[in-house]
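Structure, as structure tokens:
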Amino acid sequence: MTPTPSLTLLERRRAATQEELEAIAWWHVLNPECKRRVKEDVLVGQVHSGELVCRTGRSPTYWFGLLEGLLKMSNDNVNGQSITFSGVAPGGWFGEGTLLKREPYRYNIQALRTSMVAALPIDTFHEVLDHSIGFNRFIMNQLNERLGQFVAARETERLNSPNMRVARSLAALFNPVLFPAVEEVLRITQQELAYLVGLSRQRVNEALTVLESYGAIRVAYGGLIVSDLQLLRTGTFERQ
């Protein structure tokens with residue numbers, strides 16, 4: 001049953017199913033006791049398009065993961081303009097740095113389409129961190145990979161080529177460590193990609209045509225197929 005839109009995310013939450021737990025990458029590194037605790041505490045809820053999962057200035061209460069859909073991480077600058085830091089694709093978990101420091105969020109996480117989000121309470125997060133070496137390694141790899149992602153995003157910001165900006169943004173969404181549930185076809189519309197890159201839908205469409213001409217991607221029904229991930233990460237993509 002589709003939840004009533006007027007209900008808040010917290011009011012729409014429910015316990016995770018075993019199938020949903022099995023789809024979480026870090027579930028498989030937990031010891032039996034940690035699995036028992038996580039299974040008792042992790043919640044799942046549907047987020048509607050445009051709805052915020054996290055809000056700048058709010059204190060963290062959960063560690064969030066995306067089971068289905070598409071999210072964006074952004075903030076507003078001093079002029080009130082929205083700055084997008086990154087997209088969040090299926091399988092991605094986010095906010096662990098904020099939880100570790102127990103500081104307010106410095107960004108917003110917003111749904112670009114109806115999405116399914118999992119949430120682990122902050123106290124459970126810290127308890128599992130204290131009792132699972134495997135989980136510690138997962139978080140360490142997550143933080144290391146995210147650092148590389150934001151360094152690359154900073155470099156992408158300075159690019160004057162819209163084609164390269166679209167290419168680098170797509171490459172980031174196919175990161176197998178941060179977004180392990182992304183399949184061969186990334187379900188994303190040109191408008192959603194435009195929101196992530198900060199370009200018009202028309203300019204994104206032009207860039208995708210160029211990327212496809214280079215053999216980096218293939219435009220498929222309902223999404224995109226990456227043919228050459230390394231090319232997306234390093235190519236210059238001048239018009240041919």
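FYI, nothing fancy with the structure tokens labels: chains A, B, ... in order, residues from 1 per chain, ligands from 1 as they appear.
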I want to know what sits within 12 Å of Ile188 in chain A, based on only C-alpha atoms, with residues of the same chain fewer than 2 positions away left out; could you give that as an NGL selection string? :A and (68-71 or 87-90 or 112-113 or 170 or 173-174 or 182-183 or 185-186 or 190-196 or 219-225)
For the residues selected in the previous step, produce a file with N, CA and C atoms as a PDB file, in the first residue's frame.
ATOM      1  N   GLU A  68      16.308   2.096  -2.622  1.00  0.00           N
ATOM      2  CA  GLU A  68      15.806   2.295  -3.979  1.00  0.00           C
ATOM      3  C   GLU A  68      15.609   3.788  -4.208  1.00  0.00           C
ATOM      4  N   GLY A  69      15.811   4.236  -5.452  1.00  0.00           N
ATOM      5  CA  GLY A  69      15.526   5.625  -5.798  1.00  0.00           C
ATOM      6  C   GLY A  69      16.778   6.431  -6.074  1.00  0.00           C
ATOM      7  N   LEU A  70      16.710   7.726  -5.811  1.00  0.00           N
ATOM      8  CA  LEU A  70      17.815   8.647  -6.089  1.00  0.00           C
ATOM      9  C   LEU A  70      17.694   9.860  -5.180  1.00  0.00           C
ATOM     10  N   LEU A  71      18.810  10.221  -4.532  1.00  0.00           N
ATOM     11  CA  LEU A  71      18.852  11.369  -3.633  1.00  0.00           C
ATOM     12  C   LEU A  71      19.957  12.321  -4.076  1.00  0.00           C
ATOM     13  N   GLY A  87      25.333  13.105  -5.822  1.00  0.00           N
ATOM     14  CA  GLY A  87      24.127  12.298  -5.823  1.00  0.00           C
ATOM     15  C   GLY A  87      24.327  11.090  -4.932  1.00  0.00           C
ATOM     16  N   VAL A  88      23.245  10.475  -4.523  1.00  0.00           N
ATOM     17  CA  VAL A  88      23.298   9.238  -3.747  1.00  0.00           C
ATOM     18  C   VAL A  88      22.505   8.192  -4.508  1.00  0.00           C
ATOM     19  N   ALA A  89      23.190   7.151  -4.960  1.00  0.00           N
ATOM     20  CA  ALA A  89      22.574   6.099  -5.758  1.00  0.00           C
ATOM     21  C   ALA A  89      22.248   4.899  -4.861  1.00  0.00           C
ATOM     22  N   PRO A  90      21.473   3.932  -5.372  1.00  0.00           N
ATOM     23  CA  PRO A  90      21.080   2.769  -4.559  1.00  0.00           C
ATOM     24  C   PRO A  90      22.269   2.024  -3.963  1.00  0.00           C
ATOM     25  N   LEU A 112      15.097  12.966  -5.146  1.00  0.00           N
ATOM     26  CA  LEU A 112      14.808  13.450  -6.495  1.00  0.00           C
ATOM     27  C   LEU A 112      13.635  12.696  -7.106  1.00  0.00           C
ATOM     28  N   ARG A 113      13.297  11.560  -6.513  1.00  0.00           N
ATOM     29  CA  ARG A 113      12.117  10.793  -6.920  1.00  0.00           C
ATOM     30  C   ARG A 113      11.681   9.995  -5.697  1.00  0.00           C
ATOM     31  N   LEU A 170      28.391  11.259 -13.604  1.00  0.00           N
ATOM     32  CA  LEU A 170      27.933   9.901 -13.874  1.00  0.00           C
ATOM     33  C   LEU A 170      28.895   8.872 -13.306  1.00  0.00           C
ATOM     34  N   LEU A 173      28.390   8.220  -9.667  1.00  0.00           N
ATOM     35  CA  LEU A 173      27.209   7.421  -9.325  1.00  0.00           C
ATOM     36  C   LEU A 173      27.430   5.931  -9.568  1.00  0.00           C
ATOM     37  N   PHE A 174      28.473   5.589 -10.329  1.00  0.00           N
ATOM     38  CA  PHE A 174      28.787   4.188 -10.586  1.00  0.00           C
ATOM     39  C   PHE A 174      29.927   3.696  -9.694  1.00  0.00           C
ATOM     40  N   VAL A 182      23.984  -0.238  -7.486  1.00  0.00           N
ATOM     41  CA  VAL A 182      23.746   0.262  -8.839  1.00  0.00           C
ATOM     42  C   VAL A 182      24.026  -0.871  -9.828  1.00  0.00           C
ATOM     43  N   GLU A 183      23.076  -1.137 -10.694  1.00  0.00           N
ATOM     44  CA  GLU A 183      23.213  -2.222 -11.645  1.00  0.00           C
ATOM     45  C   GLU A 183      23.779  -1.695 -12.959  1.00  0.00           C
ATOM     46  N   VAL A 185      22.335  -0.808 -15.616  1.00  0.00           N
ATOM     47  CA  VAL A 185      21.582   0.363 -16.065  1.00  0.00           C
ATOM     48  C   VAL A 185      21.307   1.268 -14.860  1.00  0.00           C
ATOM     49  N   LEU A 186      21.796   2.502 -14.927  1.00  0.00           N
ATOM     50  CA  LEU A 186      21.507   3.482 -13.887  1.00  0.00           C
ATOM     51  C   LEU A 186      20.177   4.139 -14.213  1.00  0.00           C
ATOM     52  N   GLN A 190      17.096  12.552 -17.583  1.00  0.00           N
ATOM     53  CA  GLN A 190      17.929  13.704 -17.918  1.00  0.00           C
ATOM     54  C   GLN A 190      17.664  14.863 -16.968  1.00  0.00           C
ATOM     55  N   GLN A 191      16.416  15.034 -16.527  1.00  0.00           N
ATOM     56  CA  GLN A 191      16.106  16.116 -15.598  1.00  0.00           C
ATOM     57  C   GLN A 191      16.760  15.866 -14.240  1.00  0.00           C
ATOM     58  N   GLU A 192      16.741  14.618 -13.764  1.00  0.00           N
ATOM     59  CA  GLU A 192      17.390  14.296 -12.490  1.00  0.00           C
ATOM     60  C   GLU A 192      18.891  14.532 -12.577  1.00  0.00           C
ATOM     61  N   LEU A 193      19.486  14.125 -13.696  1.00  0.00           N
ATOM     62  CA  LEU A 193      20.919  14.363 -13.881  1.00  0.00           C
ATOM     63  C   LEU A 193      21.207  15.854 -13.946  1.00  0.00           C
ATOM     64  N   ALA A 194      20.312  16.620 -14.560  1.00  0.00           N
ATOM     65  CA  ALA A 194      20.479  18.072 -14.615  1.00  0.00           C
ATOM     66  C   ALA A 194      20.496  18.679 -13.215  1.00  0.00           C
ATOM     67  N   TYR A 195      19.623  18.186 -12.327  1.00  0.00           N
ATOM     68  CA  TYR A 195      19.605  18.675 -10.947  1.00  0.00           C
ATOM     69  C   TYR A 195      20.935  18.397 -10.243  1.00  0.00           C
ATOM     70  N   LEU A 196      21.518  17.228 -10.516  1.00  0.00           N
ATOM     71  CA  LEU A 196      22.763  16.853  -9.853  1.00  0.00           C
ATOM     72  C   LEU A 196      23.962  17.641 -10.374  1.00  0.00           C
ATOM     73  N   VAL A 219      22.665   5.310 -24.035  1.00  0.00           N
ATOM     74  CA  VAL A 219      21.379   5.739 -23.508  1.00  0.00           C
ATOM     75  C   VAL A 219      20.389   4.601 -23.717  1.00  0.00           C
ATOM     76  N   ALA A 220      19.806   4.117 -22.616  1.00  0.00           N
ATOM     77  CA  ALA A 220      18.861   3.002 -22.667  1.00  0.00           C
ATOM     78  C   ALA A 220      17.497   3.478 -22.199  1.00  0.00           C
ATOM     79  N   TYR A 221      16.504   2.648 -22.401  1.00  0.00           N
ATOM     80  CA  TYR A 221      15.152   2.993 -21.951  1.00  0.00           C
ATOM     81  C   TYR A 221      15.133   3.119 -20.430  1.00  0.00           C
ATOM     82  N   GLY A 222      14.798   4.297 -19.940  1.00  0.00           N
ATOM     83  CA  GLY A 222      14.682   4.510 -18.502  1.00  0.00           C
ATOM     84  C   GLY A 222      15.992   4.768 -17.784  1.00  0.00           C
ATOM     85  N   GLY A 223      17.109   4.875 -18.522  1.00  0.00           N
ATOM     86  CA  GLY A 223      18.356   5.116 -17.823  1.00  0.00           C
ATOM     87  C   GLY A 223      19.565   5.126 -18.736  1.00  0.00           C
ATOM     88  N   LEU A 224      20.736   4.902 -18.141  1.00  0.00           N
ATOM     89  CA  LEU A 224      21.996   4.940 -18.868  1.00  0.00           C
ATOM     90  C   LEU A 224      22.819   3.699 -18.558  1.00  0.00           C
ATOM     91  N   ILE A 225      23.561   3.241 -19.551  1.00  0.00           N
ATOM     92  CA  ILE A 225      24.492   2.139 -19.383  1.00  0.00           C
ATOM     93  C   ILE A 225      25.898   2.688 -19.573  1.00  0.00           C
TER      94      ILE A 225
END
Could you tell me, as a count of residues only, which residues of range 48-102 of chain A DSSP assigns to alpha helix (DSSP H) when given the backbone? 6
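Counting only C-alpha atoms, the residue from A:Leu30, A:Val38, A:Val226, A:Leu143 that sits nearest to Ala118 in chain A is A:Val38.
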Closest of A:Lys39, A:Arg12, A:Arg233, A:Arg106 to Gln149 in chain A - atom-to-atom distances counting only C-alpha atoms: A:Arg233
Taking 3 positions as the minimum chain separation for residues in the same chain, which residues sit within 12 Å of range 175-178 of chain A when counting only C-alpha atoms? Answer as an MDAnalysis selection string. chainID A and resid 24:26 65:66 86:94 138:149 168:172 181:184 186 226 229:230 232:233
Surrounding residues of Ala119 in chain A excluding itself and chain neighbours under 5 positions, 7 Å, only C-alpha atoms, as a PyMOL selection string: chain A and resi 42-44+62-65
May I have the residues within 10 Å of Ser132 in chain A as a PyMOL selection string, using only C-alpha atoms and disregarding those fewer than 3 positions away in the same chain? chain A and resi 29-31+33-34+127-129+135-138
Any idea what's packed within 8 Å of Leu211 in chain A, counting only C-alpha atoms, ignoring anything in its chain fewer than 3 positions away? Could you give it as a ChimeraX atom specification? /A:163,167,207-208,214-217,237
